[in-house]
>>> print(open('entry-v7.pdb').read())   # PDB, C-alpha atoms
ATOM      1  CA  MET W 180      43.886 -65.149 -55.930  1.00  0.00           C
ATOM      2  CA  SER W 181      45.153 -62.724 -58.550  1.00  0.00           C
ATOM      3  CA  ALA W 182      47.237 -59.583 -58.479  1.00  0.00           C
ATOM      4  CA  TYR W 183      47.792 -56.856 -61.004  1.00  0.00           C
ATOM      5  CA  PRO W 184      51.451 -55.889 -61.769  1.00  0.00           C
ATOM      6  CA  ASP W 185      51.166 -52.549 -60.042  1.00  0.00           C
ATOM      7  CA  GLU W 186      49.803 -54.241 -56.916  1.00  0.00           C
ATOM      8  CA  ILE W 187      52.883 -56.415 -56.334  1.00  0.00           C
ATOM      9  CA  ASP W 188      54.913 -55.371 -53.286  1.00  0.00           C
ATOM     10  CA  ARG W 189      52.506 -52.479 -52.671  1.00  0.00           C
ATOM     11  CA  PRO W 190      52.232 -51.686 -48.940  1.00  0.00           C
ATOM     12  CA  TRP W 191      48.860 -52.174 -47.283  1.00  0.00           C
ATOM     13  CA  PRO W 192      46.841 -48.936 -47.151  1.00  0.00           C
ATOM     14  CA  GLU W 193      46.477 -47.187 -43.858  1.00  0.00           C
ATOM     15  CA  THR W 194      43.088 -47.489 -42.294  1.00  0.00           C
ATOM     16  CA  SER W 195      40.896 -45.166 -40.329  1.00  0.00           C
ATOM     17  CA  PRO W 196      38.805 -46.648 -37.495  1.00  0.00           C
ATOM     18  CA  VAL W 197      35.907 -44.437 -38.535  1.00  0.00           C
ATOM     19  CA  ARG W 198      36.011 -44.116 -42.315  1.00  0.00           C
ATOM     20  CA  GLY W 199      37.747 -47.322 -43.451  1.00  0.00           C
ATOM     21  CA  PRO W 200      40.776 -47.608 -45.757  1.00  0.00           C
ATOM     22  CA  VAL W 201      42.703 -44.521 -46.769  1.00  0.00           C
ATOM     23  CA  VAL W 202      43.962 -44.804 -50.347  1.00  0.00           C
ATOM     24  CA  PRO W 203      47.398 -43.199 -50.904  1.00  0.00           C
ATOM     25  CA  GLY W 204      47.194 -40.115 -53.076  1.00  0.00           C
ATOM     26  CA  HIS W 205      43.503 -39.609 -52.350  1.00  0.00           C
ATOM     27  CA  ALA W 206      41.909 -37.319 -49.808  1.00  0.00           C
ATOM     28  CA  GLU W 207      40.169 -39.076 -46.952  1.00  0.00           C
ATOM     29  CA  PRO W 208      36.376 -38.679 -47.328  1.00  0.00           C
ATOM     30  CA  ALA W 209      34.743 -36.461 -44.757  1.00  0.00           C
ATOM     31  CA  ALA W 210      32.494 -38.145 -42.232  1.00  0.00           C
ATOM     32  CA  VAL W 211      28.783 -37.473 -42.674  1.00  0.00           C
ATOM     33  CA  PRO W 212      27.550 -35.446 -39.683  1.00  0.00           C
ATOM     34  CA  LEU W 213      24.793 -37.083 -37.675  1.00  0.00           C
ATOM     35  CA  MET W 214      22.847 -33.828 -37.350  1.00  0.00           C
ATOM     36  CA  ASN W 215      22.275 -33.229 -41.059  1.00  0.00           C
ATOM     37  CA  ILE W 216      19.089 -31.944 -42.683  1.00  0.00           C
ATOM     38  CA  ALA W 217      17.867 -35.421 -43.678  1.00  0.00           C
ATOM     39  CA  ASN W 218      18.177 -36.797 -40.141  1.00  0.00           C
ATOM     40  CA  VAL W 219      16.652 -33.645 -38.658  1.00  0.00           C
ATOM     41  CA  LEU W 220      13.572 -34.150 -40.859  1.00  0.00           C
ATOM     42  CA  THR W 221      13.359 -37.782 -39.793  1.00  0.00           C
ATOM     43  CA  MET W 222      13.564 -36.861 -36.103  1.00  0.00           C
ATOM     44  CA  ALA W 223      10.967 -34.132 -36.649  1.00  0.00           C
ATOM     45  CA  ARG W 224       8.624 -36.758 -38.101  1.00  0.00           C
ATOM     46  CA  ILE W 225       9.094 -38.940 -35.028  1.00  0.00           C
ATOM     47  CA  ALA W 226       8.436 -35.942 -32.764  1.00  0.00           C
ATOM     48  CA  ILE W 227       5.209 -35.126 -34.643  1.00  0.00           C
ATOM     49  CA  VAL W 228       3.712 -38.585 -34.021  1.00  0.00           C
ATOM     50  CA  PRO W 229       2.708 -38.035 -30.350  1.00  0.00           C
ATOM     51  CA  LEU W 230       1.373 -34.567 -31.197  1.00  0.00           C
ATOM     52  CA  PHE W 231      -0.681 -36.108 -33.986  1.00  0.00           C
ATOM     53  CA  VAL W 232      -2.114 -38.755 -31.637  1.00  0.00           C
ATOM     54  CA  LEU W 233      -3.050 -36.117 -29.049  1.00  0.00           C
ATOM     55  CA  ALA W 234      -4.818 -34.024 -31.694  1.00  0.00           C
ATOM     56  CA  LEU W 235      -6.619 -37.069 -33.088  1.00  0.00           C
ATOM     57  CA  PHE W 236      -8.079 -38.051 -29.712  1.00  0.00           C
ATOM     58  CA  ALA W 237      -8.699 -34.501 -28.448  1.00  0.00           C
ATOM     59  CA  GLY W 238     -12.270 -33.815 -27.415  1.00  0.00           C
ATOM     60  CA  ASP W 239     -14.434 -36.748 -28.439  1.00  0.00           C
ATOM     61  CA  GLY W 240     -12.148 -37.682 -31.306  1.00  0.00           C
ATOM     62  CA  HIS W 241     -14.510 -36.197 -33.873  1.00  0.00           C
ATOM     63  CA  ASP W 242     -14.237 -32.490 -33.176  1.00  0.00           C
ATOM     64  CA  THR W 243     -13.867 -30.728 -36.530  1.00  0.00           C
ATOM     65  CA  ALA W 244     -11.088 -28.346 -35.485  1.00  0.00           C
ATOM     66  CA  TRP W 245      -9.020 -31.088 -33.851  1.00  0.00           C
ATOM     67  CA  ARG W 246      -9.492 -33.470 -36.778  1.00  0.00           C
ATOM     68  CA  LEU W 247      -8.263 -30.751 -39.139  1.00  0.00           C
ATOM     69  CA  THR W 248      -5.276 -30.239 -36.841  1.00  0.00           C
ATOM     70  CA  ALA W 249      -4.552 -33.970 -36.806  1.00  0.00           C
ATOM     71  CA  ALA W 250      -4.817 -34.120 -40.598  1.00  0.00           C
ATOM     72  CA  ALA W 251      -2.448 -31.149 -40.931  1.00  0.00           C
ATOM     73  CA  LEU W 252       0.132 -32.745 -38.617  1.00  0.00           C
ATOM     74  CA  PHE W 253      -0.131 -36.020 -40.514  1.00  0.00           C
ATOM     75  CA  GLY W 254       0.352 -34.173 -43.801  1.00  0.00           C
ATOM     76  CA  ILE W 255       3.433 -32.326 -42.535  1.00  0.00           C
ATOM     77  CA  ALA W 256       4.966 -35.565 -41.290  1.00  0.00           C
ATOM     78  CA  ALA W 257       4.206 -37.319 -44.579  1.00  0.00           C
ATOM     79  CA  ILE W 258       5.885 -34.501 -46.517  1.00  0.00           C
ATOM     80  CA  THR W 259       9.072 -34.862 -44.470  1.00  0.00           C
ATOM     81  CA  ASP W 260       9.081 -38.550 -45.427  1.00  0.00           C
ATOM     82  CA  ARG W 261       9.031 -37.476 -49.061  1.00  0.00           C
ATOM     83  CA  PHE W 262      12.092 -35.244 -48.787  1.00  0.00           C
ATOM     84  CA  ASP W 263      14.453 -36.692 -46.160  1.00  0.00           C
ATOM     85  CA  GLY W 264      15.442 -39.717 -48.223  1.00  0.00           C
ATOM     86  CA  GLN W 265      15.873 -37.648 -51.381  1.00  0.00           C
ATOM     87  CA  LEU W 266      18.091 -35.135 -49.593  1.00  0.00           C
ATOM     88  CA  ALA W 267      20.185 -37.887 -48.008  1.00  0.00           C
ATOM     89  CA  ARG W 268      20.873 -39.555 -51.359  1.00  0.00           C
ATOM     90  CA  LYS W 269      21.344 -36.356 -53.376  1.00  0.00           C
ATOM     91  CA  TYR W 270      23.811 -34.699 -50.999  1.00  0.00           C
ATOM     92  CA  GLY W 271      25.555 -37.793 -49.651  1.00  0.00           C
ATOM     93  CA  LEU W 272      23.982 -37.541 -46.184  1.00  0.00           C
ATOM     94  CA  VAL W 273      23.160 -41.227 -45.734  1.00  0.00           C
ATOM     95  CA  THR W 274      23.977 -42.449 -42.206  1.00  0.00           C
ATOM     96  CA  ASP W 275      23.376 -45.649 -40.265  1.00  0.00           C
ATOM     97  CA  PHE W 276      21.120 -43.666 -37.930  1.00  0.00           C
ATOM     98  CA  GLY W 277      19.021 -42.489 -40.869  1.00  0.00           C
ATOM     99  CA  LYS W 278      18.717 -46.009 -42.276  1.00  0.00           C
ATOM    100  CA  LEU W 279      17.357 -47.170 -38.919  1.00  0.00           C
ATOM    101  CA  ALA W 280      15.281 -44.150 -37.908  1.00  0.00           C
ATOM    102  CA  ASP W 281      13.545 -43.501 -41.239  1.00  0.00           C
ATOM    103  CA  PRO W 282      11.525 -46.759 -41.440  1.00  0.00           C
ATOM    104  CA  ILE W 283      10.763 -46.518 -37.704  1.00  0.00           C
ATOM    105  CA  ALA W 284       9.355 -43.020 -38.230  1.00  0.00           C
ATOM    106  CA  ASP W 285       7.269 -44.187 -41.199  1.00  0.00           C
ATOM    107  CA  LYS W 286       5.773 -47.144 -39.378  1.00  0.00           C
ATOM    108  CA  ALA W 287       5.124 -45.112 -36.223  1.00  0.00           C
ATOM    109  CA  LEU W 288       3.208 -42.496 -38.213  1.00  0.00           C
ATOM    110  CA  ILE W 289       1.165 -44.890 -40.357  1.00  0.00           C
ATOM    111  CA  GLY W 290       0.570 -47.340 -37.504  1.00  0.00           C
ATOM    112  CA  SER W 291      -0.570 -44.706 -35.007  1.00  0.00           C
ATOM    113  CA  ALA W 292      -2.955 -43.209 -37.589  1.00  0.00           C
ATOM    114  CA  LEU W 293      -4.519 -46.570 -38.464  1.00  0.00           C
ATOM    115  CA  ILE W 294      -4.859 -47.669 -34.834  1.00  0.00           C
ATOM    116  CA  GLY W 295      -6.280 -44.272 -33.883  1.00  0.00           C
ATOM    117  CA  LEU W 296      -8.880 -44.344 -36.659  1.00  0.00           C
ATOM    118  CA  SER W 297      -9.919 -47.874 -35.706  1.00  0.00           C
ATOM    119  CA  ALA W 298     -10.153 -46.965 -32.011  1.00  0.00           C
ATOM    120  CA  LEU W 299     -12.462 -44.073 -32.947  1.00  0.00           C
ATOM    121  CA  GLY W 300     -14.653 -46.350 -35.058  1.00  0.00           C
ATOM    122  CA  ASP W 301     -13.699 -44.730 -38.374  1.00  0.00           C
ATOM    123  CA  LEU W 302     -11.846 -47.728 -39.803  1.00  0.00           C
ATOM    124  CA  ALA W 303     -12.454 -51.455 -39.473  1.00  0.00           C
ATOM    125  CA  TRP W 304      -9.952 -53.155 -37.186  1.00  0.00           C
ATOM    126  CA  TRP W 305      -9.277 -55.952 -39.671  1.00  0.00           C
ATOM    127  CA  ILE W 306      -7.875 -53.429 -42.163  1.00  0.00           C
ATOM    128  CA  THR W 307      -5.562 -52.006 -39.511  1.00  0.00           C
ATOM    129  CA  LEU W 308      -4.434 -55.469 -38.468  1.00  0.00           C
ATOM    130  CA  VAL W 309      -3.676 -56.538 -42.051  1.00  0.00           C
ATOM    131  CA  ILE W 310      -1.631 -53.416 -42.845  1.00  0.00           C
ATOM    132  CA  CYS W 311       0.226 -53.288 -39.528  1.00  0.00           C
ATOM    133  CA  GLY W 312       0.804 -57.041 -39.582  1.00  0.00           C
ATOM    134  CA  ARG W 313       2.301 -56.780 -43.059  1.00  0.00           C
ATOM    135  CA  GLU W 314       4.648 -53.970 -42.016  1.00  0.00           C
ATOM    136  CA  ILE W 315       5.845 -55.821 -38.910  1.00  0.00           C
ATOM    137  CA  GLY W 316       6.283 -59.062 -40.834  1.00  0.00           C
ATOM    138  CA  ILE W 317       8.275 -57.448 -43.641  1.00  0.00           C
ATOM    139  CA  THR W 318      10.483 -55.653 -41.116  1.00  0.00           C
ATOM    140  CA  LEU W 319      11.311 -58.958 -39.407  1.00  0.00           C
ATOM    141  CA  LEU W 320      11.904 -60.594 -42.792  1.00  0.00           C
ATOM    142  CA  ARG W 321      14.243 -57.773 -43.820  1.00  0.00           C
ATOM    143  CA  LEU W 322      16.278 -58.315 -40.663  1.00  0.00           C
ATOM    144  CA  ALA W 323      16.420 -62.047 -41.355  1.00  0.00           C
ATOM    145  CA  VAL W 324      17.872 -61.732 -44.868  1.00  0.00           C
ATOM    146  CA  VAL W 325      20.010 -58.602 -44.479  1.00  0.00           C
ATOM    147  CA  ARG W 326      23.235 -60.629 -44.091  1.00  0.00           C
ATOM    148  CA  ARG W 327      22.602 -62.532 -47.319  1.00  0.00           C
ATOM    149  CA  GLY W 328      21.631 -59.655 -49.573  1.00  0.00           C
ATOM    150  CA  VAL W 329      19.761 -56.393 -49.975  1.00  0.00           C
ATOM    151  CA  ILE W 330      16.331 -56.090 -51.541  1.00  0.00           C
ATOM    152  CA  PRO W 331      15.978 -52.660 -53.172  1.00  0.00           C
ATOM    153  CA  ALA W 332      12.833 -50.615 -52.636  1.00  0.00           C
ATOM    154  CA  GLY W 333      10.527 -51.049 -55.598  1.00  0.00           C
ATOM    155  CA  ARG W 334       8.002 -48.757 -57.197  1.00  0.00           C
ATOM    156  CA  GLY W 335       5.194 -50.879 -55.791  1.00  0.00           C
ATOM    157  CA  GLY W 336       6.316 -50.228 -52.227  1.00  0.00           C
ATOM    158  CA  LYS W 337       6.590 -46.496 -52.839  1.00  0.00           C
ATOM    159  CA  LEU W 338       3.139 -46.436 -54.455  1.00  0.00           C
ATOM    160  CA  LYS W 339       1.756 -48.406 -51.506  1.00  0.00           C
ATOM    161  CA  THR W 340       3.090 -45.837 -49.036  1.00  0.00           C
ATOM    162  CA  LEU W 341       1.705 -42.949 -51.100  1.00  0.00           C
ATOM    163  CA  VAL W 342      -1.785 -44.456 -51.381  1.00  0.00           C
ATOM    164  CA  GLN W 343      -1.787 -45.355 -47.677  1.00  0.00           C
ATOM    165  CA  SER W 344      -0.932 -41.756 -46.790  1.00  0.00           C
ATOM    166  CA  LEU W 345      -3.598 -40.315 -49.076  1.00  0.00           C
ATOM    167  CA  ALA W 346      -6.224 -42.708 -47.730  1.00  0.00           C
ATOM    168  CA  ILE W 347      -5.384 -41.928 -44.104  1.00  0.00           C
ATOM    169  CA  ALA W 348      -5.398 -38.183 -44.783  1.00  0.00           C
ATOM    170  CA  ALA W 349      -8.852 -38.466 -46.370  1.00  0.00           C
ATOM    171  CA  LEU W 350     -10.214 -40.446 -43.410  1.00  0.00           C
ATOM    172  CA  LEU W 351      -8.735 -37.983 -40.925  1.00  0.00           C
ATOM    173  CA  LEU W 352     -10.552 -35.062 -42.506  1.00  0.00           C
ATOM    174  CA  PRO W 353     -14.129 -34.426 -41.290  1.00  0.00           C
ATOM    175  CA  LEU W 354     -15.677 -35.419 -44.607  1.00  0.00           C
ATOM    176  CA  SER W 355     -19.036 -36.963 -45.392  1.00  0.00           C
ATOM    177  CA  GLY W 356     -20.966 -38.337 -48.340  1.00  0.00           C
ATOM    178  CA  ALA W 357     -19.044 -38.968 -51.546  1.00  0.00           C
ATOM    179  CA  PHE W 358     -15.806 -37.578 -50.083  1.00  0.00           C
ATOM    180  CA  ALA W 359     -15.876 -40.068 -47.208  1.00  0.00           C
ATOM    181  CA  THR W 360     -16.628 -42.852 -49.694  1.00  0.00           C
ATOM    182  CA  ALA W 361     -13.648 -41.786 -51.801  1.00  0.00           C
ATOM    183  CA  GLY W 362     -11.458 -42.047 -48.699  1.00  0.00           C
ATOM    184  CA  MET W 363     -12.553 -45.642 -48.134  1.00  0.00           C
ATOM    185  CA  VAL W 364     -11.975 -46.489 -51.805  1.00  0.00           C
ATOM    186  CA  LEU W 365      -8.418 -45.211 -51.414  1.00  0.00           C
ATOM    187  CA  MET W 366      -8.018 -47.281 -48.254  1.00  0.00           C
ATOM    188  CA  TYR W 367      -9.131 -50.468 -50.012  1.00  0.00           C
ATOM    189  CA  ALA W 368      -6.702 -49.695 -52.831  1.00  0.00           C
ATOM    190  CA  ALA W 369      -3.962 -49.216 -50.226  1.00  0.00           C
ATOM    191  CA  LEU W 370      -4.938 -52.541 -48.650  1.00  0.00           C
ATOM    192  CA  VAL W 371      -4.595 -54.374 -51.974  1.00  0.00           C
ATOM    193  CA  LEU W 372      -1.213 -52.753 -52.650  1.00  0.00           C
ATOM    194  CA  THR W 373      -0.095 -53.612 -49.117  1.00  0.00           C
ATOM    195  CA  VAL W 374      -0.865 -57.309 -49.584  1.00  0.00           C
ATOM    196  CA  VAL W 375       0.481 -57.564 -53.154  1.00  0.00           C
ATOM    197  CA  THR W 376       3.776 -55.785 -52.400  1.00  0.00           C
ATOM    198  CA  GLY W 377       4.131 -57.828 -49.219  1.00  0.00           C
ATOM    199  CA  LEU W 378       3.852 -61.091 -51.151  1.00  0.00           C
ATOM    200  CA  ASP W 379       6.305 -59.782 -53.740  1.00  0.00           C
ATOM    201  CA  TYR W 380       8.771 -58.914 -50.991  1.00  0.00           C
ATOM    202  CA  VAL W 381       8.449 -62.414 -49.518  1.00  0.00           C
ATOM    203  CA  GLY W 382       9.280 -63.871 -52.932  1.00  0.00           C
ATOM    204  CA  GLN W 383      12.325 -61.619 -53.355  1.00  0.00           C
ATOM    205  CA  ALA W 384      13.492 -62.400 -49.816  1.00  0.00           C
ATOM    206  CA  ALA W 385      13.248 -66.140 -50.520  1.00  0.00           C
ATOM    207  CA  ARG W 386      15.377 -65.769 -53.651  1.00  0.00           C
ATOM    208  CA  VAL W 387      17.978 -63.707 -51.777  1.00  0.00           C
ATOM    209  CA  TRP W 388      18.035 -66.224 -48.912  1.00  0.00           C
ATOM    210  CA  PHE W 389      18.581 -69.286 -51.086  1.00  0.00           C
ATOM    211  CA  ALA W 390      21.011 -67.482 -53.390  1.00  0.00           C
ATOM    212  CA  GLY W 391      23.038 -66.386 -50.382  1.00  0.00           C
ATOM    213  CA  GLY W 392      23.004 -69.883 -48.963  1.00  0.00           C
ATOM    214  CA  SER W 393      24.228 -71.440 -52.229  1.00  0.00           C
ATOM    215  CA  ARG W 394      27.119 -68.964 -52.454  1.00  0.00           C
ATOM    216  CA  LYS W 395      28.233 -69.879 -48.931  1.00  0.00           C
ATOM    217  CA  ARG W 396      28.367 -73.528 -49.867  1.00  0.00           C
TER     218      ARG W 396
END
>>> encode(input="entry-v7.pdb", output="structure tokens")
Amino acid sequence: MSAYPDEIDRPWPETSPVRGPVVPGHAEPAAVPLMNIANVLTMARIAIVPLFVLALFAGDGHDTAWRLTAAALFGIAAITDRFDGQLARKYGLVTDFGKLADPIADKALIGSALIGLSALGDLAWWITLVICGREIGITLLRLAVVRRGVIPAGRGGKLKTLVQSLAIAALLLPLSGAFATAGMVLMYAALVLTVVTGLDYVGQAARVWFAGGSRKR
């Protein structure tokens, strides 16, 4: 244990039960409000999910007007995913609620779209099972290693989410011929990215786990 000269005989700083230690001579940081723009966008995305599902299955599930509506709702929700995280980081609006709700909103949107498309016969079930299984598995793995370290989001994961969203949007639209084929090509690309980034995450999680364990010893 070491101490700097100006730390000797210094009284312990007062603490705040909400915001942590209060450093003498410094203003106490303001608490981030729960109802900020980033969290509002996240909650809006969650609220859109059931509306999207209703539009997707309206009629016989292949009505042109309803499929366009479903695609529009999916697009709006995907756009909110693009901006809520950026706003939270840029303006210091990061909250524990946002950290929890944002990935839930993402997985609810992507998962409901994939399951809906498979239920309507527009996407093979094995693709849906691989992607959803990967997302559930990585979520459980993240919870398992969170006490030993944090694995930052990589470019591969962000690219995976983008390609997944583009592929789903293309399959939601009432397209045919080459356009429908292009949608499936995007989906296969998303599938490859899903598996590759999942394996990479497992490797990073293993390194964090064993590194954390060695530090404890």
>>> atom_distance(input="entry-v7.pdb", atom1="atom CA of Lys269 of chain W", atom2="atom CA of Ile216 of chain W")
11.8 Å
>>> residues_near_point(input="entry-v7.pdb", point="(-15.4, -36.2, -43.0)", cutoff="12 Å", atoms="only C-alpha atoms", output="VMD selection string")
chain W and resid 241 to 244 246 to 247 250 301 347 to 363
>>> closest_residue(input="entry-v7.pdb", among="W:Ser291, W:Ile283, W:Ala217, W:Thr259", to="Val232 of chain W", atoms="only C-alpha atoms")
W:Ser291
>>> residues_around(input="entry-v7.pdb", residues="Ala257 of chain W", least_positions_apart="2", cutoff="9 Å", atoms="only C-alpha atoms", output="list in words")
Arg224, Leu252, Phe253, Gly254, Ile255, Thr259, Asp260, Arg261, Asp285, Leu288, Leu341 and Ser344 of chain W
>>> closest_residue(input="entry-v7.pdb", among="W:Val273, W:Met214, W:Ala267, W:Ala237", to="Leu299 of chain W", atoms="only C-alpha atoms")
W:Ala237
>>> atom_distance(input="entry-v7.pdb", atom1="atom CA of Leu320 of chain W", atom2="atom CA of Val364 of chain W")
29.2 Å
>>> atom_distance(input="entry-v7.pdb", atom1="atom CA of Ala369 of chain W", atom2="atom CA of Gln343 of chain W")
5.1 Å
>>> closest_residue(input="entry-v7.pdb", among="W:Arg334, W:Lys286, W:Arg326, W:Arg386", to="Ile310 of chain W", atoms="all atoms listed in the file")
W:Lys286
>>> resolve_selection(input="entry-v7.pdb", expression="the PyMOL selection byres ((chain W and resi 372) around 8)", output="number ranges by chain")
W: 335-336, 338-339, 368-371, 373-376
>>> closest_residue(input="entry-v7.pdb", among="W:Ala390, W:Ile315, W:Tyr270, W:Ala210", to="Gly377 of chain W", atoms="only C-alpha atoms")
W:Ile315
